[in-house]
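Just structure.pdb here, PDB, C-alpha atoms:
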MODEL        1
ATOM      1  CA  MET A   1     -15.342   7.481  19.531  1.00  0.00           C
ATOM      2  CA  GLY A   2     -16.885   4.012  19.884  1.00  0.00           C
ATOM      3  CA  ALA A   3     -15.665   0.940  18.131  1.00  0.00           C
ATOM      4  CA  ASP A   4     -16.828   0.444  14.552  1.00  0.00           C
ATOM      5  CA  LYS A   5     -19.709  -1.948  14.182  1.00  0.00           C
ATOM      6  CA  VAL A   6     -18.586  -4.975  12.195  1.00  0.00           C
ATOM      7  CA  ILE A   7     -21.162  -6.251   9.725  1.00  0.00           C
ATOM      8  CA  PRO A   8     -21.447 -10.051   9.920  1.00  0.00           C
ATOM      9  CA  PHE A   9     -21.046 -12.077   6.752  1.00  0.00           C
ATOM     10  CA  PRO A  10     -24.521 -13.437   5.933  1.00  0.00           C
ATOM     11  CA  GLY A  11     -23.237 -16.209   3.746  1.00  0.00           C
ATOM     12  CA  ARG A  12     -23.663 -16.753   0.033  1.00  0.00           C
ATOM     13  CA  LYS A  13     -26.647 -19.086   0.369  1.00  0.00           C
ATOM     14  CA  ALA A  14     -28.574 -16.690   2.573  1.00  0.00           C
ATOM     15  CA  LEU A  15     -28.178 -13.820   0.116  1.00  0.00           C
ATOM     16  CA  GLN A  16     -29.116 -16.000  -2.820  1.00  0.00           C
ATOM     17  CA  GLN A  17     -32.254 -17.150  -1.036  1.00  0.00           C
ATOM     18  CA  GLY A  18     -33.258 -13.539  -0.529  1.00  0.00           C
ATOM     19  CA  ASN A  19     -33.281 -13.057  -4.312  1.00  0.00           C
ATOM     20  CA  LYS A  20     -31.677  -9.640  -3.885  1.00  0.00           C
ATOM     21  CA  PRO A  21     -29.718  -8.555  -7.000  1.00  0.00           C
ATOM     22  CA  LEU A  22     -26.047  -7.846  -6.435  1.00  0.00           C
ATOM     23  CA  GLY A  23     -26.540  -4.279  -7.593  1.00  0.00           C
ATOM     24  CA  GLU A  24     -28.856  -3.612  -4.654  1.00  0.00           C
ATOM     25  CA  LEU A  25     -26.365  -4.795  -2.035  1.00  0.00           C
ATOM     26  CA  GLY A  26     -24.157  -2.410  -0.089  1.00  0.00           C
ATOM     27  CA  ASP A  27     -20.407  -2.130  -0.620  1.00  0.00           C
ATOM     28  CA  ASP A  28     -19.589  -4.110   2.505  1.00  0.00           C
ATOM     29  CA  GLU A  29     -21.952  -6.911   1.543  1.00  0.00           C
ATOM     30  CA  LEU A  30     -20.324  -7.126  -1.875  1.00  0.00           C
ATOM     31  CA  MET A  31     -16.868  -7.215  -0.300  1.00  0.00           C
ATOM     32  CA  LEU A  32     -17.932 -10.026   2.010  1.00  0.00           C
ATOM     33  CA  LEU A  33     -19.406 -11.997  -0.872  1.00  0.00           C
ATOM     34  CA  ALA A  34     -16.238 -11.455  -2.890  1.00  0.00           C
ATOM     35  CA  ARG A  35     -14.216 -12.672   0.076  1.00  0.00           C
ATOM     36  CA  GLY A  36     -16.452 -15.737   0.113  1.00  0.00           C
ATOM     37  CA  GLY A  37     -15.620 -16.507  -3.511  1.00  0.00           C
ATOM     38  CA  VAL A  38     -18.412 -14.762  -5.435  1.00  0.00           C
ATOM     39  CA  LYS A  39     -16.485 -13.184  -8.309  1.00  0.00           C
ATOM     40  CA  GLU A  40     -19.548 -11.363  -9.654  1.00  0.00           C
ATOM     41  CA  ALA A  41     -19.781  -9.440  -6.382  1.00  0.00           C
ATOM     42  CA  PHE A  42     -16.376  -7.840  -6.857  1.00  0.00           C
ATOM     43  CA  ASP A  43     -17.161  -7.112 -10.521  1.00  0.00           C
ATOM     44  CA  THR A  44     -20.297  -5.287  -9.347  1.00  0.00           C
ATOM     45  CA  LEU A  45     -18.247  -3.293  -6.854  1.00  0.00           C
ATOM     46  CA  VAL A  46     -15.752  -2.274  -9.548  1.00  0.00           C
ATOM     47  CA  ARG A  47     -18.514  -1.145 -11.911  1.00  0.00           C
ATOM     48  CA  ARG A  48     -20.126   0.872  -9.123  1.00  0.00           C
ATOM     49  CA  HIS A  49     -16.999   2.848  -8.242  1.00  0.00           C
ATOM     50  CA  GLN A  50     -14.938   2.771 -11.447  1.00  0.00           C
ATOM     51  CA  ALA A  51     -16.107   6.133 -12.809  1.00  0.00           C
ATOM     52  CA  GLY A  52     -15.373   7.966  -9.554  1.00  0.00           C
ATOM     53  CA  VAL A  53     -11.963   6.336  -9.186  1.00  0.00           C
ATOM     54  CA  LEU A  54     -11.054   7.259 -12.771  1.00  0.00           C
ATOM     55  CA  ARG A  55     -12.154  10.877 -12.242  1.00  0.00           C
ATOM     56  CA  VAL A  56     -10.030  11.290  -9.131  1.00  0.00           C
ATOM     57  CA  ALA A  57      -7.024   9.519 -10.639  1.00  0.00           C
ATOM     58  CA  GLY A  58      -7.320  11.612 -13.792  1.00  0.00           C
ATOM     59  CA  LYS A  59      -7.361  14.886 -11.852  1.00  0.00           C
ATOM     60  CA  MET A  60      -4.485  13.780  -9.626  1.00  0.00           C
ATOM     61  CA  LEU A  61      -2.279  12.516 -12.454  1.00  0.00           C
ATOM     62  CA  GLY A  62      -3.344  14.546 -15.487  1.00  0.00           C
ATOM     63  CA  ARG A  63      -2.987  11.681 -17.920  1.00  0.00           C
ATOM     64  CA  ALA A  64      -5.830   9.372 -18.919  1.00  0.00           C
ATOM     65  CA  SER A  65      -3.701   6.309 -19.653  1.00  0.00           C
ATOM     66  CA  LEU A  66      -1.849   6.605 -16.340  1.00  0.00           C
ATOM     67  CA  ALA A  67      -5.144   7.175 -14.518  1.00  0.00           C
ATOM     68  CA  ARG A  68      -6.513   3.947 -15.993  1.00  0.00           C
ATOM     69  CA  ASP A  69      -3.428   2.063 -14.852  1.00  0.00           C
ATOM     70  CA  VAL A  70      -3.733   3.482 -11.355  1.00  0.00           C
ATOM     71  CA  ALA A  71      -7.454   2.671 -11.217  1.00  0.00           C
ATOM     72  CA  GLN A  72      -6.688  -0.900 -12.206  1.00  0.00           C
ATOM     73  CA  SER A  73      -3.930  -1.218  -9.616  1.00  0.00           C
ATOM     74  CA  THR A  74      -6.255   0.276  -6.986  1.00  0.00           C
ATOM     75  CA  PHE A  75      -8.922  -2.368  -7.508  1.00  0.00           C
ATOM     76  CA  LEU A  76      -6.258  -5.062  -7.695  1.00  0.00           C
ATOM     77  CA  GLU A  77      -4.879  -3.927  -4.335  1.00  0.00           C
ATOM     78  CA  ILE A  78      -8.365  -4.013  -2.832  1.00  0.00           C
ATOM     79  CA  TYR A  79      -8.931  -7.503  -4.209  1.00  0.00           C
ATOM     80  CA  ARG A  80      -5.682  -8.661  -2.631  1.00  0.00           C
ATOM     81  CA  PHE A  81      -6.818  -7.195   0.673  1.00  0.00           C
ATOM     82  CA  LEU A  82     -10.118  -9.122   0.653  1.00  0.00           C
ATOM     83  CA  PRO A  83      -9.058 -11.744   3.260  1.00  0.00           C
ATOM     84  CA  ASN A  84      -8.268  -8.956   5.759  1.00  0.00           C
ATOM     85  CA  TYR A  85     -11.196  -6.640   5.040  1.00  0.00           C
ATOM     86  CA  HIS A  86     -13.447  -5.713   7.968  1.00  0.00           C
ATOM     87  CA  ALA A  87     -16.959  -4.601   7.015  1.00  0.00           C
ATOM     88  CA  THR A  88     -17.540  -1.482   9.097  1.00  0.00           C
ATOM     89  CA  GLY A  89     -19.588   0.605   6.661  1.00  0.00           C
ATOM     90  CA  ARG A  90     -16.602   2.704   5.568  1.00  0.00           C
ATOM     91  CA  PHE A  91     -15.687   1.165   2.228  1.00  0.00           C
ATOM     92  CA  ARG A  92     -15.366   4.496   0.379  1.00  0.00           C
ATOM     93  CA  ARG A  93     -12.836   5.688   2.924  1.00  0.00           C
ATOM     94  CA  PHE A  94     -10.817   2.523   2.338  1.00  0.00           C
ATOM     95  CA  LEU A  95     -11.162   2.769  -1.448  1.00  0.00           C
ATOM     96  CA  TYR A  96      -9.928   6.350  -1.717  1.00  0.00           C
ATOM     97  CA  LYS A  97      -7.092   5.781   0.731  1.00  0.00           C
ATOM     98  CA  VAL A  98      -5.824   2.991  -1.520  1.00  0.00           C
ATOM     99  CA  LEU A  99      -6.365   5.157  -4.607  1.00  0.00           C
ATOM    100  CA  LEU A 100      -4.394   8.111  -3.249  1.00  0.00           C
ATOM    101  CA  ASN A 101      -1.540   5.816  -2.251  1.00  0.00           C
ATOM    102  CA  GLN A 102      -1.487   4.396  -5.777  1.00  0.00           C
ATOM    103  CA  CYS A 103      -1.496   7.932  -7.237  1.00  0.00           C
ATOM    104  CA  ARG A 104       1.392   8.965  -5.001  1.00  0.00           C
ATOM    105  CA  THR A 105       3.379   5.884  -6.000  1.00  0.00           C
ATOM    106  CA  ALA A 106       2.801   6.608  -9.679  1.00  0.00           C
ATOM    107  CA  ARG A 107       3.876  10.230  -9.326  1.00  0.00           C
ATOM    108  CA  ARG A 108       7.094   9.315  -7.555  1.00  0.00           C
ATOM    109  CA  SER A 109       8.467   8.036 -10.830  1.00  0.00           C
ATOM    110  CA  ALA A 110      10.324  10.942 -12.467  1.00  0.00           C
ATOM    111  CA  LYS A 111       9.856   9.391 -15.893  1.00  0.00           C
ATOM    112  CA  GLN A 112       6.110   9.152 -15.448  1.00  0.00           C
ATOM    113  CA  VAL A 113       5.905  12.734 -14.224  1.00  0.00           C
ATOM    114  CA  LEU A 114       7.818  14.014 -17.250  1.00  0.00           C
ATOM    115  CA  LYS A 115       5.591  12.095 -19.629  1.00  0.00           C
ATOM    116  CA  MET A 116       2.519  13.401 -17.842  1.00  0.00           C
ATOM    117  CA  GLN A 117       3.678  16.996 -18.105  1.00  0.00           C
ATOM    118  CA  ALA A 118       4.516  16.592 -21.780  1.00  0.00           C
ATOM    119  CA  ARG A 119       1.046  15.221 -22.427  1.00  0.00           C
ATOM    120  CA  LEU A 120      -0.632  18.024 -20.479  1.00  0.00           C
ATOM    121  CA  PHE A 121       1.099  20.767 -22.426  1.00  0.00           C
ATOM    122  CA  GLN A 122       0.688  19.309 -25.903  1.00  0.00           C
ATOM    123  CA  GLU A 123      -1.008  21.556 -28.390  1.00  0.00           C
ATOM    124  CA  PRO A 124      -4.628  20.444 -28.902  1.00  0.00           C
ATOM    125  CA  GLN A 125      -5.409  18.872 -32.242  1.00  0.00           C
ATOM    126  CA  GLU A 126      -7.532  20.907 -34.614  1.00  0.00           C
ATOM    127  CA  ASN A 127     -11.095  19.753 -35.002  1.00  0.00           C
ATOM    128  CA  SER A 128     -13.013  21.781 -37.542  1.00  0.00           C
ATOM    129  CA  ASP A 129     -16.199  19.810 -36.880  1.00  0.00           C
ATOM    130  CA  MET A 130     -16.368  20.881 -33.221  1.00  0.00           C
ATOM    131  CA  PRO A 131     -18.420  24.030 -32.454  1.00  0.00           C
ATOM    132  CA  ASP A 132     -16.431  27.002 -31.192  1.00  0.00           C
ATOM    133  CA  GLU A 133     -18.221  26.971 -27.821  1.00  0.00           C
ATOM    134  CA  ARG A 134     -17.214  23.363 -27.178  1.00  0.00           C
ATOM    135  CA  ILE A 135     -13.602  24.070 -28.147  1.00  0.00           C
ATOM    136  CA  ILE A 136     -13.479  27.058 -25.768  1.00  0.00           C
ATOM    137  CA  ALA A 137     -15.045  25.027 -22.942  1.00  0.00           C
ATOM    138  CA  ARG A 138     -12.611  22.165 -23.551  1.00  0.00           C
ATOM    139  CA  GLU A 139      -9.575  24.455 -23.501  1.00  0.00           C
ATOM    140  CA  ARG A 140     -10.781  26.176 -20.326  1.00  0.00           C
ATOM    141  CA  ARG A 141     -11.183  22.774 -18.684  1.00  0.00           C
ATOM    142  CA  ARG A 142      -7.687  21.753 -19.775  1.00  0.00           C
ATOM    143  CA  GLU A 143      -6.220  24.979 -18.463  1.00  0.00           C
ATOM    144  CA  LEU A 144      -7.995  24.489 -15.125  1.00  0.00           C
ATOM    145  CA  GLU A 145      -6.550  20.971 -14.883  1.00  0.00           C
ATOM    146  CA  ARG A 146      -3.077  22.360 -15.584  1.00  0.00           C
ATOM    147  CA  LEU A 147      -3.536  24.950 -12.857  1.00  0.00           C
ATOM    148  CA  LEU A 148      -4.368  22.181 -10.374  1.00  0.00           C
ATOM    149  CA  PHE A 149      -0.762  21.055 -10.638  1.00  0.00           C
ATOM    150  CA  LYS A 150       0.401  24.477  -9.468  1.00  0.00           C
ATOM    151  CA  LEU A 151      -1.233  23.788  -6.100  1.00  0.00           C
ATOM    152  CA  SER A 152       0.540  21.940  -3.328  1.00  0.00           C
ATOM    153  CA  LYS A 153      -0.241  18.244  -3.005  1.00  0.00           C
ATOM    154  CA  LYS A 154      -2.219  18.760   0.195  1.00  0.00           C
ATOM    155  CA  LEU A 155      -4.498  21.352  -1.414  1.00  0.00           C
ATOM    156  CA  ARG A 156      -4.873  19.454  -4.679  1.00  0.00           C
ATOM    157  CA  GLU A 157      -5.860  16.219  -2.934  1.00  0.00           C
ATOM    158  CA  VAL A 158      -8.661  17.902  -0.982  1.00  0.00           C
ATOM    159  CA  LEU A 159     -10.046  19.656  -4.077  1.00  0.00           C
ATOM    160  CA  VAL A 160      -9.946  16.528  -6.217  1.00  0.00           C
ATOM    161  CA  LEU A 161     -11.564  14.306  -3.591  1.00  0.00           C
ATOM    162  CA  ARG A 162     -14.303  16.897  -3.049  1.00  0.00           C
ATOM    163  CA  PHE A 163     -15.158  17.850  -6.634  1.00  0.00           C
ATOM    164  CA  ALA A 164     -14.015  14.855  -8.705  1.00  0.00           C
ATOM    165  CA  GLY A 165     -14.679  12.162  -6.122  1.00  0.00           C
ATOM    166  CA  GLY A 166     -17.787  13.723  -4.587  1.00  0.00           C
ATOM    167  CA  LEU A 167     -16.651  12.900  -1.051  1.00  0.00           C
ATOM    168  CA  SER A 168     -18.066  14.708   1.953  1.00  0.00           C
ATOM    169  CA  TYR A 169     -15.865  16.686   4.345  1.00  0.00           C
ATOM    170  CA  GLY A 170     -16.035  13.811   6.793  1.00  0.00           C
ATOM    171  CA  GLU A 171     -15.037  11.228   4.179  1.00  0.00           C
ATOM    172  CA  ILE A 172     -12.142  13.388   2.999  1.00  0.00           C
ATOM    173  CA  GLY A 173     -10.991  13.735   6.588  1.00  0.00           C
ATOM    174  CA  GLU A 174     -11.061   9.963   6.999  1.00  0.00           C
ATOM    175  CA  VAL A 175      -9.163   9.359   3.755  1.00  0.00           C
ATOM    176  CA  LEU A 176      -6.449  11.914   4.588  1.00  0.00           C
ATOM    177  CA  ASP A 177      -6.518  11.439   8.383  1.00  0.00           C
ATOM    178  CA  LEU A 178      -7.450  15.087   8.944  1.00  0.00           C
ATOM    179  CA  PRO A 179     -10.007  16.805  11.192  1.00  0.00           C
ATOM    180  CA  ALA A 180     -13.011  18.317   9.406  1.00  0.00           C
ATOM    181  CA  GLY A 181     -11.818  21.846  10.194  1.00  0.00           C
ATOM    182  CA  THR A 182      -8.518  21.244   8.408  1.00  0.00           C
ATOM    183  CA  VAL A 183     -10.329  19.793   5.398  1.00  0.00           C
ATOM    184  CA  LYS A 184     -12.517  22.898   5.143  1.00  0.00           C
ATOM    185  CA  SER A 185      -9.593  25.296   5.529  1.00  0.00           C
ATOM    186  CA  ARG A 186      -7.562  23.462   2.866  1.00  0.00           C
ATOM    187  CA  LEU A 187     -10.549  23.424   0.546  1.00  0.00           C
ATOM    188  CA  PHE A 188     -11.039  27.171   1.008  1.00  0.00           C
ATOM    189  CA  ALA A 189      -7.314  27.858   0.539  1.00  0.00           C
ATOM    190  CA  GLY A 190      -7.169  25.676  -2.569  1.00  0.00           C
ATOM    191  CA  LEU A 191     -10.189  27.361  -4.146  1.00  0.00           C
ATOM    192  CA  GLU A 192      -8.815  30.811  -3.387  1.00  0.00           C
ATOM    193  CA  LYS A 193      -5.473  29.975  -4.958  1.00  0.00           C
ATOM    194  CA  LEU A 194      -7.191  28.482  -8.012  1.00  0.00           C
ATOM    195  CA  ARG A 195      -9.276  31.637  -8.393  1.00  0.00           C
ATOM    196  CA  ARG A 196      -6.142  33.795  -8.293  1.00  0.00           C
ATOM    197  CA  LEU A 197      -4.430  31.595 -10.853  1.00  0.00           C
ATOM    198  CA  MET A 198      -7.491  31.589 -13.072  1.00  0.00           C
ATOM    199  CA  LYS A 199      -7.763  35.368 -12.828  1.00  0.00           C
ATOM    200  CA  GLY A 200      -4.129  35.677 -13.878  1.00  0.00           C
ATOM    201  CA  LYS A 201      -4.859  33.440 -16.858  1.00  0.00           C
ATOM    202  CA  ASN A 202      -8.139  35.286 -17.622  1.00  0.00           C
ATOM    203  CA  ILE A 203     -10.103  32.025 -17.599  1.00  0.00           C
TER     204      ILE A 203
ENDMDL
END
Show how you would write the structure in this file as structure tokens.
Amino acid sequence: MGADKVIPFPGRKALQQGNKPLGELGDDELMLLARGGVKEAFDTLVRRHQAGVLRVAGKMLGRASLARDVAQSTFLEIYRFLPNYHATGRFRRFLYKVLLNQCRTARRSAKQVLKMQARLFQEPQENSDMPDERIIARERRRELERLLFKLSKKLREVLVLRFAGGLSYGEIGEVLDLPAGTVKSRLFAGLEKLRRLMKGKNI
């Protein structure tokens, strides 16, 4: 494999002269601008990826408040890394590597895990205004999320990155340092196990 092509920093003035809105710039360009002191560039980057990061963190941790904390710490860690960032066109790989590390750190706390499990298995509040179909769909979704935690970490990570994060097989392989074949086999194994669990629960 050849060396990654490093994208040169065009400079703040050059980008401003081009009149190109920040939202139209690539991730690497935004990172380089942020490194050069353009705060709005990093804010744009956060807004672009926040929803995906929250989805993955939520599926990995099972608790919305903890997922928000982890998402915040993920972007903070990336901001701290700005001086050392190399623009090689692989920002998403870098982002989700940091996110998974933050998720793993959060889950290592026994107290946090216990709180998460208690929250997951709470009885849902009654809502008489919600149509029956929406209640059934919500409870099926909650049960599916609970079943995710019955999978091993290696299977759960692949499933969450694929379906919550929307990453390709190649991107997942880069995040987890796995060959594409292993990613596909883990994805297949994880889906098969989920199907068996769901069948046992009659979901």
Selection result of the PyMOL selection byres ((chain A and resi 189) around 12) on this file, as a ChimeraX atom specification | /A:151-152,154-156,158-159,182-188,190-196
Pull C-alpha atoms from the residues just selected and write them as an mmCIF file, keeping the file's coordinate frame.
data_model
loop_
_atom_site.group_PDB
_atom_site.id
_atom_site.type_symbol
_atom_site.label_atom_id
_atom_site.label_comp_id
_atom_site.auth_asym_id
_atom_site.auth_seq_id
_atom_site.Cartn_x
_atom_site.Cartn_y
_atom_site.Cartn_z
ATOM 1 C CA LEU A 151 -1.233 23.788 -6.100
ATOM 2 C CA SER A 152 0.540 21.940 -3.328
ATOM 3 C CA LYS A 154 -2.219 18.760 0.195
ATOM 4 C CA LEU A 155 -4.498 21.352 -1.414
ATOM 5 C CA ARG A 156 -4.873 19.454 -4.679
ATOM 6 C CA VAL A 158 -8.661 17.902 -0.982
ATOM 7 C CA LEU A 159 -10.046 19.656 -4.077
ATOM 8 C CA THR A 182 -8.518 21.244 8.408
ATOM 9 C CA VAL A 183 -10.329 19.793 5.398
ATOM 10 C CA LYS A 184 -12.517 22.898 5.143
ATOM 11 C CA SER A 185 -9.593 25.296 5.529
ATOM 12 C CA ARG A 186 -7.562 23.462 2.866
ATOM 13 C CA LEU A 187 -10.549 23.424 0.546
ATOM 14 C CA PHE A 188 -11.039 27.171 1.008
ATOM 15 C CA GLY A 190 -7.169 25.676 -2.569
ATOM 16 C CA LEU A 191 -10.189 27.361 -4.146
ATOM 17 C CA GLU A 192 -8.815 30.811 -3.387
ATOM 18 C CA LYS A 193 -5.473 29.975 -4.958
ATOM 19 C CA LEU A 194 -7.191 28.482 -8.012
ATOM 20 C CA ARG A 195 -9.276 31.637 -8.393
ATOM 21 C CA ARG A 196 -6.142 33.795 -8.293
#
Do you have the CA of Leu99 in chain A-CA of Asp177 in chain A distance handy?
->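 Separation of CA of Leu99 in chain A and CA of Asp177 in chain A: 14.4 Å.
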Residues picked by the PyMOL selection byres ((chain A and resi 45) around 10) here, as a list in words?
->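 Checking the PyMOL selection byres ((chain A and resi 45) around 10) against this file, the residues are Leu22, Gly23, Leu25, Gly26, Asp27, Asp28, Glu29, Leu30, Met31, Ala34, Glu40, Ala41, Phe42, Asp43, Thr44, Val46, Arg47, Arg48, His49, Gln50 and Phe75 of chain A.
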d(CA of Arg93 in chain A, CA of Ser73 in chain A) in Å |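 Those two atoms sit 16.9 Å apart.
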Restricting the calculation to all atoms listed in the file, which member of A:Gly58, A:Arg63, A:Leu95, A:Tyr79 is positioned closest to Lys39 in chain A?
-> A:Tyr79
Nearest to Lys97 in chain A among A:Ala67, A:Val160, A:Leu176, A:Met60, with distances taken over only C-alpha atoms: which residue is it?
->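 Of the candidates, the smallest distance to Lys97 in chain A is held by A:Leu176.
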Go ahead and compute the interatomic distance for CA of Phe163 in chain A and CA of Val98 in chain A, in Å to one decimal.
->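 Those two atoms sit 18.3 Å apart.
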To verify the selection step, state as a VMD selection string which residues the PyMOL selection byres ((chain A and resi 82) around 10) yields on this input.
-> chain A and resid 31 to 36 42 77 to 81 83 to 86
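You can rank A:Ala180, A:Leu61, A:Ala87, A:Leu161 by their closest distance to Arg107 in chain A using only C-alpha atoms, and at the top of that list sits A:Leu61.
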